[in-house]
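Enquirer: Quick one, data.cif (mmCIF, C-alpha atoms):
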```cif
data_run
#
loop_
_atom_site.label_atom_id
_atom_site.label_comp_id
_atom_site.auth_asym_id
_atom_site.auth_seq_id
_atom_site.Cartn_x
_atom_site.Cartn_y
_atom_site.Cartn_z
CA MET G 17 0.00 0.00 0.00
CA THR G 18 1.43 3.39 -1.00
CA ALA G 19 1.43 6.50 1.13
CA THR G 20 -1.52 7.87 -0.83
CA GLU G 21 -3.61 4.80 -0.06
CA GLY G 22 -3.66 4.80 3.76
CA ILE G 23 -7.37 5.57 3.49
CA ARG G 24 -9.57 3.82 0.95
CA LEU G 25 -11.73 6.42 -0.71
CA GLU G 26 -15.01 5.13 -2.10
CA LEU G 27 -14.06 6.32 -5.57
CA ASP G 28 -17.00 4.64 -7.28
CA ASP G 29 -19.31 6.93 -5.31
CA ILE G 30 -17.39 10.22 -5.67
CA GLN G 31 -18.06 12.49 -8.64
CA SER G 32 -15.05 12.62 -10.93
CA GLY G 33 -14.88 16.42 -10.91
CA ALA G 34 -13.96 16.46 -7.22
CA LEU G 35 -10.60 14.77 -7.83
CA HIS G 36 -10.06 14.67 -11.59
CA GLU G 37 -7.15 16.68 -12.99
CA ARG G 38 -8.06 19.20 -15.67
CA PRO G 39 -6.91 17.94 -19.10
CA SER G 40 -4.31 19.91 -21.05
CA PRO G 41 -5.25 21.22 -23.50
CA TYR G 42 -8.89 21.59 -22.52
CA VAL G 43 -12.17 23.10 -23.58
CA GLY G 44 -15.11 23.39 -21.26
CA ALA G 45 -18.48 24.87 -20.44
CA TYR G 46 -20.24 25.86 -17.25
CA LEU G 47 -24.04 25.75 -17.19
CA LEU G 48 -26.37 27.12 -14.53
CA LEU G 49 -29.94 25.90 -14.25
CA ARG G 50 -33.07 26.98 -12.38
CA ILE G 51 -35.62 24.50 -11.02
CA ASP G 52 -39.19 25.79 -11.19
CA ASP G 53 -40.91 22.46 -10.56
CA ARG G 54 -39.83 20.07 -7.82
CA ALA G 55 -40.77 16.89 -9.69
CA ALA G 56 -38.93 18.07 -12.80
CA GLY G 57 -35.89 18.90 -10.69
CA ARG G 58 -35.79 15.41 -9.23
CA GLU G 59 -36.16 13.93 -12.69
CA LEU G 60 -33.21 16.08 -13.80
CA VAL G 61 -31.09 14.67 -10.97
CA ARG G 62 -32.15 11.15 -11.97
CA ARG G 63 -31.03 11.81 -15.55
CA LEU G 64 -27.78 13.49 -14.50
CA LEU G 65 -26.97 10.46 -12.38
CA ARG G 66 -26.59 8.45 -15.57
CA ILE G 67 -23.99 10.80 -17.08
CA VAL G 68 -21.90 11.82 -14.06
CA ASP G 69 -18.85 9.59 -13.79
CA SER G 70 -17.25 8.40 -10.58
CA GLY G 71 -13.81 9.51 -9.43
CA ARG G 72 -12.03 6.24 -10.16
CA PRO G 73 -9.09 6.69 -12.59
CA SER G 74 -9.67 5.34 -16.08
CA GLU G 75 -7.47 4.61 -19.08
CA ASP G 76 -10.46 5.07 -21.41
CA PRO G 77 -9.89 8.25 -23.50
CA ALA G 78 -13.65 8.67 -23.81
CA ARG G 79 -13.78 9.34 -20.07
CA ASP G 80 -11.38 12.25 -20.43
CA ALA G 81 -14.56 14.26 -21.00
CA TRP G 82 -16.81 14.46 -17.97
CA ILE G 83 -19.60 16.37 -16.25
CA THR G 84 -19.76 17.44 -12.63
CA ALA G 85 -23.12 18.29 -11.07
CA ALA G 86 -23.39 20.62 -8.07
CA PHE G 87 -26.24 22.28 -6.20
CA THR G 88 -26.64 25.55 -4.35
CA TYR G 89 -28.50 25.82 -1.08
CA GLN G 90 -31.46 27.26 -2.99
CA GLY G 91 -31.23 24.35 -5.40
CA LEU G 92 -31.41 21.75 -2.64
CA LYS G 93 -34.33 23.66 -1.21
CA ALA G 94 -36.05 23.63 -4.61
CA LEU G 95 -35.62 19.85 -4.73
CA GLY G 96 -37.47 19.51 -1.45
CA VAL G 97 -34.59 18.52 0.83
CA PRO G 98 -35.99 18.49 4.40
CA GLN G 99 -35.25 21.59 6.45
CA ALA G 100 -33.37 19.58 9.08
CA SER G 101 -30.96 18.42 6.39
CA LEU G 102 -30.64 21.92 4.91
CA ASP G 103 -29.78 23.26 8.37
CA SER G 104 -26.95 20.71 8.69
CA PHE G 105 -24.91 22.24 5.86
CA ALA G 106 -22.02 24.62 6.48
CA PRO G 107 -23.23 28.14 7.38
CA GLU G 108 -21.23 29.73 4.55
CA PHE G 109 -23.01 27.45 2.07
CA ARG G 110 -26.42 28.25 3.52
CA GLN G 111 -25.80 32.00 3.32
CA GLY G 112 -24.35 31.95 -0.20
CA MET G 113 -21.40 33.83 -1.63
CA ALA G 114 -23.28 37.04 -2.44
CA ALA G 115 -24.33 37.42 1.21
CA ARG G 116 -20.70 37.06 2.29
CA ALA G 117 -19.25 39.43 -0.32
CA ALA G 118 -18.15 42.11 2.14
CA GLU G 119 -16.20 39.57 4.23
CA LEU G 120 -14.59 38.19 1.07
CA GLY G 121 -13.49 41.60 -0.18
CA ASP G 122 -15.97 41.62 -3.07
CA VAL G 123 -16.68 45.32 -2.75
CA GLY G 124 -16.82 48.29 -5.10
CA GLU G 125 -16.75 47.10 -8.70
CA SER G 126 -16.63 43.49 -7.42
CA SER G 127 -19.75 43.79 -5.26
CA PRO G 128 -22.81 41.62 -6.03
CA GLU G 129 -24.77 44.61 -7.32
CA HIS G 130 -22.39 44.62 -10.29
CA TRP G 131 -22.26 40.85 -10.80
CA GLU G 132 -23.20 39.26 -14.07
CA LYS G 133 -26.77 38.02 -13.87
CA PRO G 134 -27.93 35.53 -12.64
CA LEU G 135 -24.74 34.89 -10.59
CA GLY G 136 -25.38 35.39 -6.89
CA SER G 137 -29.15 35.35 -7.28
CA PRO G 138 -31.68 32.89 -5.77
CA ASP G 139 -32.37 31.64 -9.32
CA VAL G 140 -29.15 29.61 -9.48
CA HIS G 141 -30.00 26.07 -8.39
CA VAL G 142 -27.82 23.65 -10.35
CA ALA G 143 -24.28 24.11 -11.68
CA LEU G 144 -22.89 21.77 -14.33
CA ALA G 145 -19.24 21.78 -15.36
CA ALA G 146 -18.16 19.96 -18.50
CA LEU G 147 -14.47 19.61 -19.41
CA SER G 148 -12.81 17.79 -22.28
CA PRO G 149 -9.50 17.65 -24.18
CA ASP G 150 -11.21 18.75 -27.42
CA ALA G 151 -14.31 20.52 -28.74
CA ALA G 152 -15.88 17.44 -30.31
CA ARG G 153 -15.89 15.46 -27.09
CA LEU G 154 -17.00 18.52 -25.13
CA GLU G 155 -20.06 19.05 -27.30
CA ALA G 156 -20.92 15.38 -27.00
CA VAL G 157 -20.86 15.72 -23.21
CA VAL G 158 -22.80 19.01 -23.23
CA ASP G 159 -25.37 17.47 -25.56
CA ARG G 160 -25.89 14.73 -22.97
CA ALA G 161 -26.48 17.40 -20.33
CA ASP G 162 -28.87 19.26 -22.63
CA ARG G 163 -30.82 16.09 -23.26
CA ALA G 164 -31.02 15.53 -19.51
CA GLN G 165 -33.13 18.67 -19.13
CA GLU G 166 -35.02 18.45 -22.43
CA GLU G 167 -38.78 18.17 -22.15
CA LEU G 168 -38.58 19.15 -18.47
CA ALA G 169 -40.76 22.23 -18.46
CA GLY G 170 -39.86 22.96 -14.87
CA VAL G 171 -36.09 23.20 -15.47
CA GLU G 172 -34.36 25.96 -17.44
CA VAL G 173 -30.75 26.66 -18.44
CA ILE G 174 -30.21 30.30 -17.42
CA TRP G 175 -26.47 30.85 -18.03
CA ARG G 176 -23.56 29.38 -19.94
CA GLN G 177 -19.86 30.24 -19.88
CA ASP G 178 -17.51 28.61 -22.34
CA CYS G 179 -13.85 28.26 -21.43
CA TYR G 180 -10.71 26.93 -23.04
CA GLN G 181 -6.98 26.78 -22.67
CA LEU G 182 -5.38 29.81 -24.29
CA PRO G 183 -3.01 29.05 -27.19
CA THR G 184 -0.09 29.89 -24.90
CA GLY G 185 -1.22 27.30 -22.37
CA ARG G 186 -1.13 30.05 -19.76
CA THR G 187 -3.56 32.40 -18.00
CA SER G 188 -4.62 35.73 -19.49
CA PHE G 189 -1.88 37.37 -17.40
CA GLY G 190 0.66 35.18 -19.21
CA PHE G 191 1.60 32.75 -16.43
CA LYS G 192 1.53 28.97 -16.43
CA ASP G 193 -1.20 27.80 -14.07
CA GLY G 194 -2.39 24.60 -12.44
CA ILE G 195 0.87 23.99 -10.54
CA GLY G 196 0.99 23.08 -6.87
CA GLN G 197 -2.13 20.98 -6.41
CA PRO G 198 -2.13 18.85 -3.26
CA ALA G 199 -2.39 15.07 -3.45
CA VAL G 200 -5.30 13.50 -1.56
CA GLU G 201 -4.78 10.38 0.51
CA GLY G 202 -6.50 7.41 -1.11
CA SER G 203 -7.09 9.09 -4.47
CA GLY G 204 -4.36 7.11 -6.24
CA ARG G 205 -2.83 10.33 -7.57
CA PRO G 206 0.73 11.06 -6.37
CA SER G 207 1.96 14.36 -5.02
CA SER G 208 4.00 16.59 -7.33
CA ASN G 209 5.76 18.10 -4.30
CA PRO G 210 8.00 15.68 -2.38
CA HIS G 211 8.03 18.16 0.51
CA GLU G 212 4.27 17.77 1.00
CA ARG G 213 2.71 14.51 2.05
CA PRO G 214 -0.81 13.81 0.76
CA LEU G 215 -3.63 15.61 2.53
CA LYS G 216 -5.93 13.57 4.70
CA ALA G 217 -8.95 12.65 2.63
CA GLY G 218 -11.31 14.52 4.95
CA GLU G 219 -9.80 17.83 3.92
CA ILE G 220 -11.43 17.40 0.52
CA ILE G 221 -14.08 14.65 0.74
CA LEU G 222 -16.68 14.49 3.50
CA GLY G 223 -16.97 11.36 5.61
CA TYR G 224 -13.25 10.78 6.24
CA PRO G 225 -10.81 12.02 8.93
CA ASP G 226 -9.18 15.36 8.14
CA GLU G 227 -5.83 16.81 9.23
CA SER G 228 -7.14 17.28 12.78
CA GLY G 229 -7.85 13.55 13.00
CA GLU G 230 -11.57 14.25 13.26
CA LEU G 231 -14.45 13.80 10.88
CA PRO G 232 -15.40 17.20 9.45
CA PRO G 233 -18.99 18.36 10.01
CA MET G 234 -21.16 16.64 7.43
CA PRO G 235 -24.70 17.23 6.14
CA THR G 236 -27.30 14.77 7.32
CA PRO G 237 -28.41 12.12 6.69
CA ASP G 238 -25.10 10.36 6.04
CA VAL G 239 -26.19 9.29 2.55
CA LEU G 240 -26.49 12.97 1.62
CA GLY G 241 -23.17 14.15 3.05
CA ARG G 242 -20.73 11.25 2.71
CA ASN G 243 -18.42 11.32 -0.33
CA GLY G 244 -19.55 14.83 -1.17
CA THR G 245 -17.57 18.06 -1.19
CA TYR G 246 -18.13 21.81 -1.30
CA ILE G 247 -17.02 23.84 -4.28
CA VAL G 248 -16.45 27.54 -4.68
CA PHE G 249 -17.28 28.86 -8.15
CA ARG G 250 -16.01 32.33 -9.14
CA LYS G 251 -15.92 34.21 -12.43
CA LEU G 252 -13.05 36.71 -12.35
CA HIS G 253 -12.50 39.35 -15.03
CA THR G 254 -8.80 40.10 -15.56
CA ARG G 255 -7.59 43.56 -16.51
CA VAL G 256 -4.67 42.41 -18.56
CA ALA G 257 -3.95 45.75 -20.24
CA ALA G 258 -3.88 47.56 -16.88
CA TYR G 259 -1.53 44.89 -15.52
CA ARG G 260 0.85 45.29 -18.48
CA GLN G 261 0.71 49.08 -18.26
CA TYR G 262 1.58 48.96 -14.56
CA LEU G 263 4.58 46.69 -15.10
CA ARG G 264 5.81 48.84 -17.98
CA ALA G 265 5.49 52.05 -15.95
CA LYS G 266 7.35 50.62 -12.95
CA SER G 267 10.17 48.91 -14.86
CA ALA G 268 13.45 50.20 -16.21
CA SER G 269 13.72 47.59 -18.99
CA ARG G 270 11.92 44.61 -20.49
CA GLU G 271 14.08 42.32 -18.35
CA ASP G 272 13.10 44.28 -15.25
CA GLU G 273 9.47 44.08 -16.36
CA ALA G 274 9.61 40.28 -16.53
CA LEU G 275 11.31 40.12 -13.14
CA LEU G 276 8.79 42.46 -11.54
CA GLY G 277 5.92 40.37 -12.91
CA ALA G 278 7.55 37.25 -11.51
CA LYS G 279 8.03 38.91 -8.11
CA MET G 280 4.32 39.77 -7.96
CA VAL G 281 3.24 36.23 -8.88
CA GLY G 282 6.00 34.15 -7.24
CA ARG G 283 6.83 32.35 -10.47
CA TRP G 284 8.16 33.26 -13.88
CA GLN G 285 5.72 33.13 -16.77
CA SER G 286 7.03 29.68 -17.71
CA GLY G 287 6.00 28.36 -14.31
CA ALA G 288 9.55 28.19 -12.96
CA PRO G 289 9.41 29.12 -9.22
CA LEU G 290 11.38 32.07 -7.89
CA ALA G 291 12.28 29.92 -4.89
CA VAL G 292 14.46 27.83 -7.22
CA THR G 293 15.55 30.33 -9.87
CA PRO G 294 15.19 33.86 -8.42
CA GLU G 295 17.30 35.79 -10.94
CA HIS G 296 16.20 34.51 -14.34
CA ASP G 297 13.51 32.41 -15.97
CA ASP G 298 14.14 28.73 -16.65
CA PRO G 299 11.54 27.47 -19.18
CA GLY G 300 12.86 23.93 -18.90
CA LEU G 301 12.18 23.93 -15.18
CA GLY G 302 8.78 25.50 -15.71
CA ALA G 303 7.77 22.75 -18.12
CA ASP G 304 9.05 19.92 -15.92
CA ALA G 305 6.16 18.56 -13.87
CA GLN G 306 8.62 16.53 -11.80
CA ARG G 307 10.52 19.63 -10.65
CA HIS G 308 8.47 22.83 -10.93
CA ASN G 309 6.61 22.11 -7.68
CA ASP G 310 9.63 20.65 -5.85
CA PHE G 311 10.55 23.53 -3.55
CA ALA G 312 9.92 25.16 -0.20
CA TYR G 313 10.25 28.62 1.35
CA GLY G 314 11.98 27.76 4.62
CA ASP G 315 15.38 28.89 3.38
CA ASP G 316 14.01 32.27 2.29
CA PRO G 317 12.50 33.78 5.48
CA ARG G 318 12.97 37.39 4.33
CA GLY G 319 11.60 36.84 0.85
CA LEU G 320 14.80 37.79 -0.96
CA LYS G 321 14.14 35.07 -3.55
CA CYS G 322 10.34 35.05 -3.52
CA PRO G 323 8.65 38.03 -1.83
CA LEU G 324 6.56 37.19 1.21
CA GLY G 325 3.62 38.97 -0.41
CA ALA G 326 3.84 37.29 -3.82
CA HIS G 327 0.57 35.73 -4.97
CA ALA G 328 1.74 32.11 -5.04
CA ARG G 329 3.42 32.39 -1.63
CA ARG G 330 0.33 33.97 -0.07
CA ALA G 331 -1.99 31.31 -1.52
CA ASN G 332 0.24 28.49 -0.25
CA PRO G 333 3.00 29.52 2.21
CA ARG G 334 4.26 25.90 2.27
CA ASP G 335 6.84 25.56 5.05
CA ALA G 336 7.22 29.30 5.69
CA PHE G 337 5.64 28.99 9.15
CA ASP G 338 7.37 25.80 10.22
CA GLY G 339 8.87 26.01 13.67
CA ASP G 340 6.92 28.90 15.14
CA GLY G 341 3.55 27.21 15.45
CA ALA G 342 1.79 30.23 13.98
CA VAL G 343 -0.16 28.52 11.21
CA ASP G 344 -0.77 24.94 10.14
CA VAL G 345 -0.77 25.48 6.39
CA ARG G 346 -2.22 22.04 5.76
CA LEU G 347 -5.51 23.10 7.36
CA HIS G 348 -5.96 25.64 4.57
CA ARG G 349 -5.04 23.58 1.51
CA MET G 350 -7.68 22.84 -1.12
CA ILE G 351 -7.98 21.69 -4.71
CA ARG G 352 -7.95 24.60 -7.14
CA ARG G 353 -9.00 24.45 -10.78
CA GLY G 354 -8.70 27.46 -13.06
CA THR G 355 -10.03 27.73 -16.61
CA SER G 356 -9.68 30.69 -18.97
CA TYR G 357 -12.51 32.42 -20.78
CA GLY G 358 -12.62 35.14 -23.41
CA PRO G 359 -10.10 36.05 -26.13
CA MET G 360 -6.42 36.45 -25.37
CA LEU G 361 -5.11 40.02 -25.46
CA PRO G 362 -2.34 39.83 -28.07
CA GLU G 363 1.20 39.83 -26.77
CA GLY G 364 2.59 43.34 -26.29
CA VAL G 365 -0.75 45.15 -26.53
CA LEU G 366 -1.08 47.72 -23.75
CA GLU G 367 -4.50 49.15 -24.52
CA ASP G 368 -7.72 47.53 -23.34
CA ASP G 369 -9.82 46.24 -26.24
CA GLY G 370 -13.02 46.08 -24.21
CA ALA G 371 -13.32 42.28 -24.37
CA ASP G 372 -14.41 40.28 -21.35
CA ARG G 373 -11.62 37.88 -20.48
CA GLY G 374 -10.53 36.17 -17.33
CA ILE G 375 -10.56 33.02 -15.26
CA VAL G 376 -13.28 30.79 -13.88
CA PHE G 377 -11.93 29.44 -10.60
CA VAL G 378 -13.34 26.38 -8.88
CA PHE G 379 -12.05 25.47 -5.40
CA ALA G 380 -12.96 22.13 -3.81
CA GLY G 381 -12.73 21.25 -0.13
CA ALA G 382 -14.61 19.98 2.90
CA HIS G 383 -14.28 23.23 4.91
CA LEU G 384 -15.52 26.42 3.21
CA GLY G 385 -14.63 28.53 6.24
CA ARG G 386 -11.08 27.48 7.01
CA GLN G 387 -10.08 26.70 3.43
CA PHE G 388 -11.34 29.13 0.78
CA GLU G 389 -12.62 31.88 3.07
CA PHE G 390 -9.58 31.81 5.34
CA VAL G 391 -7.13 31.97 2.44
CA LYS G 392 -9.11 34.69 0.70
CA THR G 393 -9.58 36.93 3.73
CA GLN G 394 -6.47 36.26 5.84
CA TRP G 395 -3.79 35.56 3.25
CA LEU G 396 -4.85 37.23 -0.01
CA ASN G 397 -6.75 40.26 1.29
CA ASP G 398 -4.72 40.95 4.43
CA GLY G 399 -0.99 41.45 4.92
CA ILE G 400 -0.84 41.05 8.70
CA PHE G 401 0.40 37.46 8.53
CA ILE G 402 3.47 38.57 6.53
CA GLY G 403 4.10 41.64 8.66
CA ALA G 404 2.74 44.08 6.06
CA PRO G 405 -0.79 44.99 7.22
CA ALA G 406 -1.30 47.59 4.51
CA GLU G 407 -0.50 45.20 1.67
CA LYS G 408 -2.93 42.98 -0.21
CA ASP G 409 -2.18 40.32 -2.80
CA PRO G 410 -0.64 42.32 -5.68
CA LEU G 411 -2.40 40.33 -8.39
CA VAL G 412 -5.82 39.23 -7.08
CA GLY G 413 -6.24 41.30 -3.91
CA PRO G 414 -8.96 43.97 -3.63
CA ASN G 415 -6.60 46.82 -4.41
CA ASP G 416 -8.07 50.27 -5.06
CA GLY G 417 -5.17 52.25 -6.52
CA THR G 418 -3.60 53.11 -3.18
CA GLY G 419 -2.01 49.78 -2.28
CA THR G 420 1.66 48.85 -2.07
CA PHE G 421 3.78 45.78 -2.74
CA THR G 422 7.19 45.23 -1.19
CA VAL G 423 10.01 43.44 -3.01
CA PRO G 424 12.74 42.60 -0.45
CA ALA G 425 16.24 43.22 -1.75
CA ARG G 426 19.75 44.04 -0.55
CA PRO G 427 20.81 46.66 0.28
CA ILE G 428 17.48 48.48 -0.23
CA ARG G 429 14.05 46.94 -0.66
CA ARG G 430 11.81 48.05 -3.47
CA ARG G 431 8.28 49.24 -2.73
CA LEU G 432 5.70 49.57 -5.50
CA GLN G 433 2.98 52.14 -4.96
CA ASP G 434 -0.55 52.80 -6.23
CA LEU G 435 -1.55 49.23 -7.09
CA PRO G 436 -4.80 49.27 -9.09
CA PRO G 437 -7.26 46.35 -9.19
CA PHE G 438 -6.19 43.78 -11.80
CA VAL G 439 -9.04 41.36 -11.07
CA VAL G 440 -12.75 42.14 -10.77
CA THR G 441 -15.24 39.60 -9.46
CA ARG G 442 -18.06 39.04 -11.97
CA GLY G 443 -19.95 36.65 -9.69
CA GLY G 444 -19.83 33.38 -7.87
CA GLU G 445 -21.64 30.67 -5.96
CA TYR G 446 -21.07 28.22 -3.13
CA CYS G 447 -22.17 24.75 -4.26
CA PHE G 448 -22.30 21.22 -2.92
CA VAL G 449 -21.14 18.29 -5.08
CA PRO G 450 -23.06 15.26 -3.83
CA SER G 451 -21.92 11.67 -4.19
CA LEU G 452 -23.65 9.39 -6.66
CA SER G 453 -25.51 7.80 -3.75
CA ALA G 454 -26.64 11.24 -2.61
CA MET G 455 -27.85 12.12 -6.10
CA ARG G 456 -29.91 8.93 -6.08
CA TRP G 457 -31.30 9.94 -2.67
CA LEU G 458 -32.16 13.41 -3.99
CA SER G 459 -33.92 11.98 -7.03
CA GLU G 460 -36.06 9.72 -4.83
CA LEU G 461 -37.19 12.35 -2.35
CA GLU G 462 -40.90 12.41 -1.64
CA SER G 463 -42.85 15.62 -1.16
#
```
Write out the structure in this file as structure tokens.
Expert:
Amino acid sequence: MTATEGIRLELDDIQSGALHERPSPYVGAYLLLRIDDRAAGRELVRRLLRIVDSGRPSEDPARDAWITAAFTYQGLKALGVPQASLDSFAPEFRQGMAARAAELGDVGESSPEHWEKPLGSPDVHVALAALSPDAARLEAVVDRADRAQEELAGVEVIWRQDCYQLPTGRTSFGFKDGIGQPAVEGSGRPSSNPHERPLKAGEIILGYPDESGELPPMPTPDVLGRNGTYIVFRKLHTRVAAYRQYLRAKSASREDEALLGAKMVGRWQSGAPLAVTPEHDDPGLGADAQRHNDFAYGDDPRGLKCPLGAHARRANPRDAFDGDGAVDVRLHRMIRRGTSYGPMLPEGVLEDDGADRGIVFVFAGAHLGRQFEFVKTQWLNDGIFIGAPAEKDPLVGPNDGTGTFTVPARPIRRRLQDLPPFVVTRGGEYCFVPSLSAMRWLSELES
């Protein structure tokens, strides 16, 4: 038995989207549905049950395309889930993301009043995510989802967002993404970071012990909660032109511009980590899945290689707190999936073309409060934990044009001023991804 198999996950009961790696390249689509009739909603769940795969690894290329089905609190309510069961879900899930926007830093242009409709509204009941290595297989999967709700007068598709991997294979900001995912005990998928042992299964999937050794709070009855997980869905518009203009204005040369961008992110555009190659990019390292996540921060306590406030270091401080007992980073790890939407702004263009482009982020974990919300509020939005209370994440933090970002250096540190917002929240939802057994239970509910 390998280290990742100390716990036997019931993979045949877990939806594939909870653990499945995003293909590369990929195309995808997110669909949101509203349930107007309870019986039709339950019939939809019954039909979806036939097309949602389990999380067990497969060598079948046809299963590289898959659908994940998730439900909001309002969606479970629309299906007729008993109130006692609804009350057993996490409080963040019950309230919904829009109600928690102020705590999350979704204010100003990112506040729910400016969100893309129907995101954040009570009309969002079901979220479907379809991902595939190519367009043909994607459409085949989406067609199956469309057929699942055909002729159901009480169910309506109210929103669709297509996504795809940009031709560069990177995000709209130009950086390689999808690096640094944790391994989950019992999933059969190895860790890409030898410094990080697999997370206890209960950090991601409900019904198993988590890092505290306890079973995380789980919705009742057990058939509803076990083998499920919470997901955080967020559509984020990226201001790529503003980001490029800022780097150009603050840099003395193109080389300095690339370095400054890397300092803000924590990696070079190739994906090579500053912790390993702080002075220059190393595309070979960035492309090497066996090495580009093989690093730690313990030997860089002042951030001379990778700034303490860099985006990647904030999102996952790794071993930076080892020894002082301040933070157990493992309690705040989660699975993170990012997909790009909208056209790429051509390389070198500094003027905004008005197109909507950005990233759809999906975070999966068993603890909405101490995983996503903790990281977002305490690490990305707040600089206290790195000793810089006035600083927010330079890339995704809720900056307003007055923020700063410190780049430690000898003999004199560099401090960037007047950071504008580079990311604007377009909307989001908290959802629950039930197990296949739970979907069957939902479909068989009686009024």
Enquirer: For this file, the PyMOL selection byres ((chain G and resi 177) around 6) selects which residues, as a list in words?
Expert: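 When the PyMOL selection byres ((chain G and resi 177) around 6) is applied, the selected residues are Ala45, Tyr46, Arg176 and Asp178 of chain G.
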Enquirer: Could you write out as a ChimeraX atom specification the residues that the PyMOL selection byres ((chain G and resi 412-427) around 9) matches in the shown file?
Expert: /G:121-124,126,276,279-280,318-327,392,396-398,404,406-411,428-440
Enquirer: In Å, with one decimal, what is the gap from atom CA of G:Tyr89 to atom CA of G:Leu102?
Expert: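 Atom CA of G:Leu102 lies 7.5 Å from atom CA of G:Tyr89.
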Enquirer: For the atom pair atom CA of G:Asn209 and atom CA of G:Gly194, what is the interatomic distance in Å to one decimal place?
Expert: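 One can read the atom CA of G:Asn209 to atom CA of G:Gly194 distance as 13.2 Å.
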Enquirer: Please write as a PyMOL selection string the full residue list that the PyMOL selection byres ((chain G and resi 127-129) around 10) yields on this file.
Expert: chain G and resi 113-118+120-126+130-133+135-137+440-444
Enquirer: Residues of stretch 218-268 of chain G within 12 Å of stretch 52-74 of chain G: nearest atom pair and distance (Å, one decimal) for each, counting all atoms listed in the file, sorted by chain and number, as JSON lines?
Expert:
```
{"residue": "G:Ile221", "atom": "CA", "partner": "G:Gly71", "partner_atom": "CA", "distance": 11.4}
{"residue": "G:Asn243", "atom": "CA", "partner": "G:Gly71", "partner_atom": "CA", "distance": 10.4}
{"residue": "G:Gly244", "atom": "CA", "partner": "G:Gly71", "partner_atom": "CA", "distance": 11.4}
```
Enquirer: Would you please work out which residue, of G:Thr84, G:His36, G:Glu230, G:Asn309, is nearest to G:Val200 when using all atoms listed in the file?
Expert: G:His36
Enquirer: Show me a table, sorted first by chain and then by increasing residue number, of the residues of stretch 159-192 of chain G having an atom at most 10 Å from stretch 286-294 of chain G, each with its shortest atom pair and the distance in Å to one decimal, counting all atoms listed in the file and written as JSON lines.
Expert:
```
{"residue": "G:Gly185", "atom": "CA", "partner": "G:Ser286", "partner_atom": "CA", "distance": 9.8}
{"residue": "G:Arg186", "atom": "CA", "partner": "G:Ser286", "partner_atom": "CA", "distance": 8.4}
{"residue": "G:Gly190", "atom": "CA", "partner": "G:Ser286", "partner_atom": "CA", "distance": 8.5}
{"residue": "G:Phe191", "atom": "CA", "partner": "G:Ser286", "partner_atom": "CA", "distance": 6.4}
{"residue": "G:Lys192", "atom": "CA", "partner": "G:Gly287", "partner_atom": "CA", "distance": 5.0}
```
Enquirer: Near G:Ser451, within 10 Å and counting all atoms listed in the file, which residues show up once chain neighbours fewer than 6 positions away are dropped, as a list in words?
Expert: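 After dropping sequence-adjacent residues, the list is Glu26, Leu27, Asp28, Asp29, Ile30, Gln31, Ser32, Ala34, Leu65, Val68, Ser70, Gly71, Ala85, Ala86, Ile221, Leu222, Val239, Leu240, Gly241, Arg242, Asn243, Gly244, Thr245 and Trp457 of chain G.
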Enquirer: From the list G:Glu445, G:Asp335, G:Asp103, G:Asp226, which residue is nearest G:Val142 when using only C-alpha atoms?
Expert: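 So, comparing all the options, the nearest one is G:Glu445.
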Enquirer: Could you please determine the separation between atom CA of G:Val43 and atom CA of G:Ala454 in Å, to one decimal place?
Expert: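 So the two atoms, atom CA of G:Val43 and atom CA of G:Ala454, lie 28.1 Å apart.
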Enquirer: Which one of G:Arg352, G:Arg250, G:Arg24, G:His383 sits closest to G:Pro198 if you count all atoms listed in the file?
Expert: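 Under the stated criterion, the closest residue is G:Arg352.
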Enquirer: List the neighbours of G:Glu219 out to 10 Å using all atoms listed in the file; skip same-chain residues closer than 6 positions along the sequence, and give me the result as a list in words.
Expert: Val200, Glu201, Pro225, Asp226, Glu227, Ser228, Leu231, Pro232, Thr245, Arg346, Leu347, His348, Arg349, Met350, Ile351, Ala380, Gly381, Ala382, His383 and Gln387 of chain G
Enquirer: Next, the residues of the selection above should be written as a PDB file, in the frame of the given file with C-alpha atoms.
Expert:
```
ATOM      1  CA  VAL G 200      -5.300  13.500  -1.560  1.00  0.00           C
ATOM      2  CA  GLU G 201      -4.780  10.380   0.510  1.00  0.00           C
ATOM      3  CA  PRO G 225     -10.810  12.020   8.930  1.00  0.00           C
ATOM      4  CA  ASP G 226      -9.180  15.360   8.140  1.00  0.00           C
ATOM      5  CA  GLU G 227      -5.830  16.810   9.230  1.00  0.00           C
ATOM      6  CA  SER G 228      -7.140  17.280  12.780  1.00  0.00           C
ATOM      7  CA  LEU G 231     -14.450  13.800  10.880  1.00  0.00           C
ATOM      8  CA  PRO G 232     -15.400  17.200   9.450  1.00  0.00           C
ATOM      9  CA  THR G 245     -17.570  18.060  -1.190  1.00  0.00           C
ATOM     10  CA  ARG G 346      -2.220  22.040   5.760  1.00  0.00           C
ATOM     11  CA  LEU G 347      -5.510  23.100   7.360  1.00  0.00           C
ATOM     12  CA  HIS G 348      -5.960  25.640   4.570  1.00  0.00           C
ATOM     13  CA  ARG G 349      -5.040  23.580   1.510  1.00  0.00           C
ATOM     14  CA  MET G 350      -7.680  22.840  -1.120  1.00  0.00           C
ATOM     15  CA  ILE G 351      -7.980  21.690  -4.710  1.00  0.00           C
ATOM     16  CA  ALA G 380     -12.960  22.130  -3.810  1.00  0.00           C
ATOM     17  CA  GLY G 381     -12.730  21.250  -0.130  1.00  0.00           C
ATOM     18  CA  ALA G 382     -14.610  19.980   2.900  1.00  0.00           C
ATOM     19  CA  HIS G 383     -14.280  23.230   4.910  1.00  0.00           C
ATOM     20  CA  GLN G 387     -10.080  26.700   3.430  1.00  0.00           C
TER      21      GLN G 387
END
```
